[in-house]
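Chemist: Sending over query.tsv (TSV, C-alpha atoms).
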```tsv
chain	number	residue	atom	x	y	z
A	1	MET	CA	5.93	-4.32	49.35
A	2	ASP	CA	2.51	-5.88	48.91
A	3	SER	CA	3.08	-9.47	47.86
A	4	LEU	CA	2.86	-12.14	50.51
A	5	THR	CA	6.58	-12.81	50.31
A	6	CYS	CA	7.49	-9.17	50.98
A	7	ARG	CA	5.18	-9.22	54.01
A	8	HIS	CA	6.76	-12.45	55.16
A	9	LEU	CA	10.20	-10.88	54.86
A	10	LEU	CA	9.09	-7.89	56.90
A	11	ASP	CA	8.03	-10.15	59.77
A	12	SER	CA	11.49	-11.69	60.05
A	13	LEU	CA	13.54	-8.62	59.19
A	14	SER	CA	14.73	-7.63	62.68
A	15	ASP	CA	15.86	-11.18	63.45
A	16	TYR	CA	17.57	-11.35	60.06
A	17	ILE	CA	19.47	-8.12	60.67
A	18	ASP	CA	20.40	-9.14	64.23
A	19	GLY	CA	21.67	-12.50	62.98
A	20	THR	CA	19.20	-14.43	65.13
A	21	LEU	CA	17.09	-15.89	62.34
A	22	ASP	CA	16.99	-19.58	61.51
A	23	GLU	CA	19.28	-20.44	58.61
A	24	THR	CA	16.56	-21.77	56.30
A	25	LEU	CA	14.59	-18.53	56.66
A	26	CYS	CA	17.77	-16.51	56.03
A	27	ARG	CA	18.26	-18.32	52.74
A	28	GLU	CA	14.63	-17.69	51.78
A	29	ILE	CA	15.02	-13.99	52.52
A	30	GLU	CA	18.22	-13.78	50.51
A	31	ALA	CA	16.63	-15.60	47.57
A	32	HIS	CA	13.69	-13.19	47.70
A	33	MET	CA	15.96	-10.15	47.92
A	34	ALA	CA	17.84	-11.23	44.82
A	35	ASP	CA	14.62	-10.78	42.83
A	36	CYS	CA	12.96	-7.92	44.71
A	37	GLU	CA	14.68	-4.57	44.50
A	38	ASN	CA	12.40	-2.84	46.99
A	39	CYS	CA	13.03	-5.44	49.68
A	40	ARG	CA	16.75	-5.24	49.00
A	41	ILE	CA	16.62	-1.47	49.51
A	42	VAL	CA	14.54	-1.81	52.69
A	43	VAL	CA	16.96	-4.34	54.20
A	44	ASN	CA	20.04	-2.28	53.27
A	45	THR	CA	18.62	1.04	54.40
A	46	LEU	CA	17.31	-0.51	57.62
A	47	GLU	CA	20.80	-1.80	58.42
A	48	LYS	CA	22.24	1.60	57.52
A	49	THR	CA	19.70	3.36	59.75
A	50	ILE	CA	20.74	1.27	62.75
A	51	LEU	CA	24.44	1.87	62.01
A	52	LEU	CA	23.94	5.62	61.67
A	53	TYR	CA	22.16	5.70	65.03
A	54	ARG	CA	24.79	3.54	66.71
A	55	ASP	CA	27.51	5.90	65.50
A	56	LEU	CA	25.62	9.07	66.34
A	57	PRO	CA	28.06	11.19	68.32
A	58	ALA	CA	26.85	12.19	71.77
A	59	SER	CA	26.47	15.94	72.15
A	60	ASP	CA	28.76	17.56	74.69
A	61	LEU	CA	27.43	18.02	78.18
A	62	PRO	CA	26.30	21.68	78.42
A	63	ASP	CA	28.69	23.68	80.66
A	64	ASP	CA	26.03	24.72	83.15
A	65	VAL	CA	24.75	21.12	83.50
A	66	ARG	CA	28.31	19.94	84.04
A	67	GLN	CA	28.95	22.60	86.66
A	68	ARG	CA	25.80	21.74	88.64
A	69	LEU	CA	26.61	18.02	88.43
A	70	TYR	CA	30.07	18.52	89.92
A	71	THR	CA	28.60	20.74	92.64
A	72	SER	CA	25.89	18.21	93.52
A	73	LEU	CA	28.59	15.54	93.89
A	74	ASN	CA	30.92	17.78	95.95
A	75	LEU	CA	33.53	17.54	93.22
A	76	ASP	CA	33.93	21.28	92.44
A	77	ASP	CA	37.68	21.04	93.01
A	78	PHE	CA	37.98	18.88	89.91
A	79	LEU	CA	35.81	21.00	87.61
A	80	ASP	CA	38.47	23.16	85.94
A	81	SER	CA	41.38	20.74	85.73
A	82	LYS	CA	39.23	18.13	83.95
A	83	LYS	CA	37.57	20.60	81.64
A	84	ASN	CA	40.87	21.86	80.25
A	85	LYS	CA	41.84	18.35	79.18
A	86	HIS	CA	39.06	18.15	76.60
B	1	MET	CA	32.95	1.10	76.34
B	2	SER	CA	35.34	3.69	77.71
B	3	GLY	CA	38.33	2.34	75.81
B	4	HIS	CA	40.07	1.47	79.06
B	5	ASN	CA	41.57	-1.97	79.54
B	6	HIS	CA	40.64	-4.38	82.28
B	7	SER	CA	43.44	-3.57	84.72
B	8	ASP	CA	42.86	0.20	84.35
B	9	GLU	CA	39.24	-0.42	85.23
B	10	GLN	CA	40.14	-2.60	88.23
B	11	GLN	CA	42.41	0.17	89.50
B	12	LEU	CA	39.68	2.75	89.06
B	13	VAL	CA	37.19	0.53	90.93
B	14	ALA	CA	39.68	0.07	93.79
B	15	ARG	CA	40.21	3.85	94.00
B	16	LEU	CA	36.43	4.45	93.94
B	17	LYS	CA	35.90	1.94	96.73
B	18	ALA	CA	38.63	3.67	98.74
B	19	GLY	CA	36.71	6.95	98.41
B	20	ASP	CA	39.27	8.67	96.17
B	21	GLN	CA	37.62	11.92	95.01
B	22	ALA	CA	39.79	12.15	91.90
B	23	ALA	CA	38.55	8.71	90.87
B	24	TYR	CA	34.96	9.91	91.30
B	25	ALA	CA	35.70	12.85	89.02
B	26	GLU	CA	37.31	10.51	86.48
B	27	LEU	CA	34.21	8.32	86.39
B	28	VAL	CA	31.98	11.36	85.93
B	29	GLU	CA	34.17	12.71	83.14
B	30	GLN	CA	34.12	9.40	81.26
B	31	HIS	CA	30.39	8.78	81.35
B	32	ALA	CA	28.40	11.94	82.13
B	33	GLY	CA	27.96	13.06	78.51
B	34	ARG	CA	26.54	9.77	77.34
B	35	ILE	CA	24.26	9.37	80.33
B	36	TYR	CA	22.87	12.88	79.91
B	37	ASN	CA	22.20	12.27	76.22
B	38	LEU	CA	20.48	8.97	76.95
B	39	ALA	CA	18.26	10.55	79.61
B	40	LEU	CA	17.47	13.50	77.35
B	41	ARG	CA	16.38	11.20	74.52
B	42	MET	CA	14.32	9.02	76.86
B	43	LEU	CA	12.56	11.83	78.67
B	44	GLY	CA	12.64	14.67	76.12
B	45	ASP	CA	13.13	17.16	78.94
B	46	GLU	CA	16.39	18.89	79.91
B	47	THR	CA	15.53	19.41	83.58
B	48	LEU	CA	14.52	15.80	84.08
B	49	ALA	CA	17.59	14.60	82.17
B	50	GLU	CA	19.76	16.63	84.54
B	51	ASP	CA	17.99	15.09	87.53
B	52	VAL	CA	18.65	11.62	86.14
B	53	LEU	CA	22.30	12.50	85.57
B	54	GLN	CA	22.79	13.64	89.17
B	55	GLU	CA	20.80	10.74	90.62
B	56	THR	CA	22.81	8.24	88.60
B	57	PHE	CA	26.16	9.34	90.01
B	58	LEU	CA	24.84	9.84	93.55
B	59	ASN	CA	23.38	6.32	93.50
B	60	ALA	CA	26.52	4.88	91.91
B	61	PHE	CA	28.82	6.45	94.51
B	62	ARG	CA	26.58	5.15	97.30
B	63	ALA	CA	26.52	1.65	95.82
B	64	ILE	CA	30.13	1.35	94.67
B	65	ASP	CA	30.99	-0.96	97.60
B	66	ARG	CA	28.50	-3.46	96.24
B	67	PHE	CA	29.93	-3.35	92.67
B	68	GLU	CA	31.27	-6.84	92.06
B	69	GLY	CA	32.75	-6.40	88.62
B	70	ARG	CA	30.47	-8.92	86.92
B	71	SER	CA	29.83	-6.32	84.21
B	72	SER	CA	31.97	-3.36	83.21
B	73	LEU	CA	31.72	-0.19	85.25
B	74	GLY	CA	30.13	1.54	82.24
B	75	THR	CA	27.44	-1.12	81.83
B	76	TRP	CA	26.70	-0.98	85.56
B	77	LEU	CA	26.42	2.81	85.44
B	78	TYR	CA	24.11	2.80	82.39
B	79	ARG	CA	21.86	0.30	84.13
B	80	ILE	CA	21.54	2.71	87.07
B	81	ALA	CA	20.84	5.55	84.63
B	82	ASN	CA	18.23	3.52	82.72
B	83	ASN	CA	16.46	2.67	85.95
B	84	ALA	CA	16.44	6.30	87.05
B	85	ALA	CA	15.09	7.44	83.66
B	86	LEU	CA	12.40	4.74	83.65
B	87	MET	CA	11.30	5.77	87.16
B	88	HIS	CA	10.75	9.30	85.85
B	89	LEU	CA	8.79	8.02	82.85
B	90	ARG	CA	6.50	6.01	85.10
B	91	LYS	CA	6.12	8.89	87.55
B	92	ARG	CA	5.28	11.36	84.81
B	93	GLU	CA	2.24	9.63	83.44
B	94	PRO	CA	1.34	6.85	85.86
B	95	THR	CA	-2.23	6.59	84.66
B	96	THR	CA	-1.76	6.77	80.93
B	97	TYR	CA	1.65	5.24	80.59
B	98	SER	CA	2.51	1.64	81.21
B	99	LEU	CA	5.25	-0.21	79.44
B	100	ASP	CA	3.21	-3.37	79.82
B	101	GLU	CA	0.16	-2.14	78.01
B	102	PRO	CA	-0.49	-3.87	74.69
B	103	LEU	CA	0.35	-1.92	71.58
B	104	GLU	CA	-2.51	-0.66	69.49
B	105	THR	CA	-3.49	-3.01	66.71
B	106	ASP	CA	-1.45	-3.10	63.57
B	107	SER	CA	-2.40	-0.10	61.47
B	108	GLY	CA	-0.03	-1.02	58.66
B	109	GLU	CA	2.00	2.11	59.38
B	110	GLU	CA	5.22	0.16	59.46
B	111	VAL	CA	4.93	-1.01	55.86
B	112	PRO	CA	7.76	0.69	53.98
B	113	ARG	CA	6.69	3.29	51.45
B	114	GLN	CA	9.89	5.17	50.69
B	115	PHE	CA	12.38	3.20	48.61
B	116	PHE	CA	15.07	5.83	48.18
B	117	ASP	CA	18.35	3.97	48.63
B	118	PHE	CA	20.41	6.30	50.82
B	119	CYS	CA	23.06	3.71	51.69
B	120	CYS	CA	25.56	4.96	49.16
B	121	LEU	CA	25.21	8.68	49.72
B	122	PRO	CA	28.52	10.39	50.49
B	123	GLU	CA	29.46	10.59	54.17
B	124	ARG	CA	29.21	14.37	54.15
B	125	ASP	CA	25.46	13.97	53.50
B	126	LEU	CA	24.87	11.03	55.85
B	127	LEU	CA	26.81	12.60	58.71
B	128	SER	CA	25.90	16.25	58.20
B	129	GLU	CA	24.80	18.36	61.15
B	130	GLU	CA	21.35	18.68	59.58
B	131	ALA	CA	21.05	14.88	59.18
B	132	ARG	CA	22.09	14.45	62.81
B	133	ARG	CA	19.36	16.84	63.94
B	134	GLU	CA	16.80	15.00	61.80
B	135	MET	CA	17.85	11.69	63.38
B	136	LEU	CA	17.43	13.06	66.89
B	137	THR	CA	14.05	14.62	66.11
B	138	ALA	CA	12.93	11.33	64.58
B	139	ILE	CA	13.71	9.51	67.84
B	140	ASP	CA	11.89	12.17	69.86
B	141	ASP	CA	8.82	11.78	67.62
B	142	LEU	CA	8.54	8.02	68.18
B	143	PRO	CA	5.80	6.91	70.58
B	144	GLU	CA	7.35	6.46	74.02
B	145	THR	CA	6.81	2.68	74.11
B	146	LEU	CA	8.81	2.27	70.89
B	147	ARG	CA	11.42	4.92	71.70
B	148	VAL	CA	12.50	3.36	74.99
B	149	VAL	CA	12.96	-0.07	73.41
B	150	PHE	CA	14.98	1.40	70.53
B	151	LEU	CA	17.22	3.41	72.89
B	152	LEU	CA	18.00	0.49	75.17
B	153	ARG	CA	18.43	-2.07	72.42
B	154	ASP	CA	20.05	-0.22	69.52
B	155	ILE	CA	21.68	2.82	71.12
B	156	GLU	CA	22.73	1.38	74.48
B	157	GLY	CA	23.42	-2.06	73.01
B	158	LEU	CA	21.47	-4.12	75.57
B	159	SER	CA	20.44	-7.59	74.41
B	160	THR	CA	16.79	-8.37	73.68
B	161	ARG	CA	16.58	-10.31	76.95
B	162	GLU	CA	18.20	-7.51	78.99
B	163	THR	CA	15.86	-4.95	77.41
B	164	ALA	CA	12.86	-7.17	78.24
B	165	GLU	CA	14.03	-7.48	81.86
B	166	GLN	CA	14.58	-3.74	82.25
B	167	LEU	CA	11.13	-2.94	80.93
B	168	ASN	CA	9.21	-5.90	82.35
B	169	LEU	CA	8.20	-6.93	78.87
B	170	SER	CA	8.21	-10.27	77.11
B	171	VAL	CA	11.01	-10.94	74.64
B	172	SER	CA	8.48	-11.07	71.81
B	173	ALA	CA	7.03	-7.66	72.79
B	174	VAL	CA	10.55	-6.19	72.72
B	175	LYS	CA	11.13	-7.66	69.27
B	176	THR	CA	7.84	-6.32	67.90
B	177	ARG	CA	8.44	-2.83	69.28
B	178	LEU	CA	12.04	-2.76	68.15
B	179	MET	CA	11.00	-3.70	64.63
B	180	ARG	CA	8.36	-0.98	64.52
B	181	ALA	CA	10.77	1.61	65.87
B	182	ARG	CA	13.49	0.65	63.38
B	183	LEU	CA	11.08	0.71	60.42
B	184	ALA	CA	9.64	4.08	61.49
B	185	LEU	CA	13.13	5.60	61.75
B	186	ARG	CA	14.18	4.07	58.42
B	187	GLU	CA	11.12	5.55	56.72
B	188	ARG	CA	11.83	8.96	58.21
B	189	LEU	CA	15.50	8.94	57.17
B	190	ALA	CA	14.66	7.64	53.69
B	191	ASP	CA	12.16	10.52	53.27
B	192	TYR	CA	14.67	13.02	54.57
B	193	PHE	CA	17.56	11.85	52.36
B	194	ALA	CA	15.27	11.57	49.31
B	195	GLN	CA	14.23	15.18	49.81
B	196	SER	CA	17.72	16.47	50.40
B	197	ALA	CA	18.97	14.59	47.30
B	198	THR	CA	16.19	16.19	45.21
B	199	SER	CA	17.00	19.60	46.58
B	200	ALA	CA	20.72	19.11	45.82
B	201	GLU	CA	19.83	18.23	42.21
B	202	THR	CA	17.88	21.44	41.83
B	203	GLY	CA	20.84	23.46	43.00
B	204	GLY	CA	19.95	23.40	46.67
B	205	THR	CA	16.91	25.62	46.24
B	206	LEU	CA	13.24	24.77	46.22
B	207	PRO	CA	11.58	24.77	42.80
B	208	SER	CA	9.90	28.04	41.97
B	209	LEU	CA	6.12	28.14	42.06
B	210	SER	CA	5.79	30.36	38.99
```
The structure in this file should be written as structure tokens.
Modeler:
Amino acid sequence: MDSLTCRHLLDSLSDYIDGTLDETLCREIEAHMADCENCRIVVNTLEKTILLYRDLPASDLPDDVRQRLYTSLNLDDFLDSKKNKH
Amino acid sequence: MSGHNHSDEQQLVARLKAGDQAAYAELVEQHAGRIYNLALRMLGDETLAEDVLQETFLNAFRAIDRFEGRSSLGTWLYRIANNAALMHLRKREPTTYSLDEPLETDSGEEVPRQFFDFCCLPERDLLSEEARREMLTAIDDLPETLRVVFLLRDIEGLSTRETAEQLNLSVSAVKTRLMRARLALRERLADYFAQSATSAETGGTLPSLS
């Protein structure tokens, strides 16, 4: 990742991944990636990183936190019936 | 976001505006988990995350009459939660923490060094419980200025402009921080998966020293 072109690619990478990069620059990046394995890996693993984070399952709300939330909202009556659904 | 269609949501909003307690409980059940997780990641503190969770719903219930349906109920709720979490961040370190402060000069830390291609690893490795923990720790270890941008933009799915508005930052500052956050997380995951692949090759045990 130390040639000027790799650096150049790095500067535009987020826009490239988000699909907000100018078309000419996109083509330049793709041409560079075809010849540069490291940049290809960086682009692919960067996209994969974002996808893995987007799909990260939310942990369940801890029971005690849930209980105190319902109490603070005066919704205790609904605590058990809702919980059994999940 | 919740998987509900438009007319279901309109009905829920009407019931909320009418003060229907069961509708309140439904809203809480649909969104509390995600809001708590978001606040926990932003603040790194369970007690504060719980405060944000309670404040979010209290504020939402108080303001439901003013909800005009221009965004989905979920988006509206997450905006309230983001605001509450950001207030806590600012309160916590008012003198040392400002989202507007310039980032330190480029130290070259974001230049990729690990080229292990983990894209094609089997799902059981990518989605393992251990990998999930590593991903969460990696977010927690990001500097706060980068972490908040990454959470709003990539986890909560706000646009660059919306993220900039929420944080009082310029669009270009959001882009720079997002890029640095993404590259830092990529580096961390690439290191982690490279190590776990090496350890799997050696039979899942560390090489002996002798």
Chemist: For chain B, which residue out of A:Thr45, A:Ile17, A:Gln67, A:Asp80 is the nearest one, using all atoms listed in the file?
Modeler: A:Thr45
Chemist: For chain A, work out the contacting residues on chain B at 6 Å, counting only C-alpha atoms, and write them as a ChimeraX atom specification.
Modeler: /B:33,54,117,119,155,179,186
Chemist: Calculate how many Å separate atom CA of B:Asp191 from atom CA of B:Leu40, rounding to one decimal.
Modeler: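 We find that atom CA of B:Asp191 and atom CA of B:Leu40 lie 24.8 Å from each other.
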Chemist: Nearest residue to B:Leu183 out of B:Leu126, B:Ile64, B:Ile139, B:Ala49, using only C-alpha atoms?
Modeler: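 Using only C-alpha atoms, B:Leu183 sits closest to B:Ile139.
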Chemist: Pick the closest to B:Ala32 from B:Leu167, B:Ala81, B:Leu158, B:Leu121: which is it, counting all atoms listed in the file?
Modeler: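 Ranking B:Leu167, B:Ala81, B:Leu158, B:Leu121 by distance to B:Ala32, first place goes to B:Ala81.
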Chemist: Just how far from atom CA of B:Ile35 is atom CA of B:Arg92, in Å to one decimal?
Modeler: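 Straight-line distance from atom CA of B:Arg92 to atom CA of B:Ile35 works out to 19.6 Å.
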Chemist: Between atom CA of B:Arg124 and atom CA of B:Glu29, what is the spacing in Å?
Modeler: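 If I compute the distance from atom CA of B:Glu29 to atom CA of B:Arg124, I get 29.5 Å.
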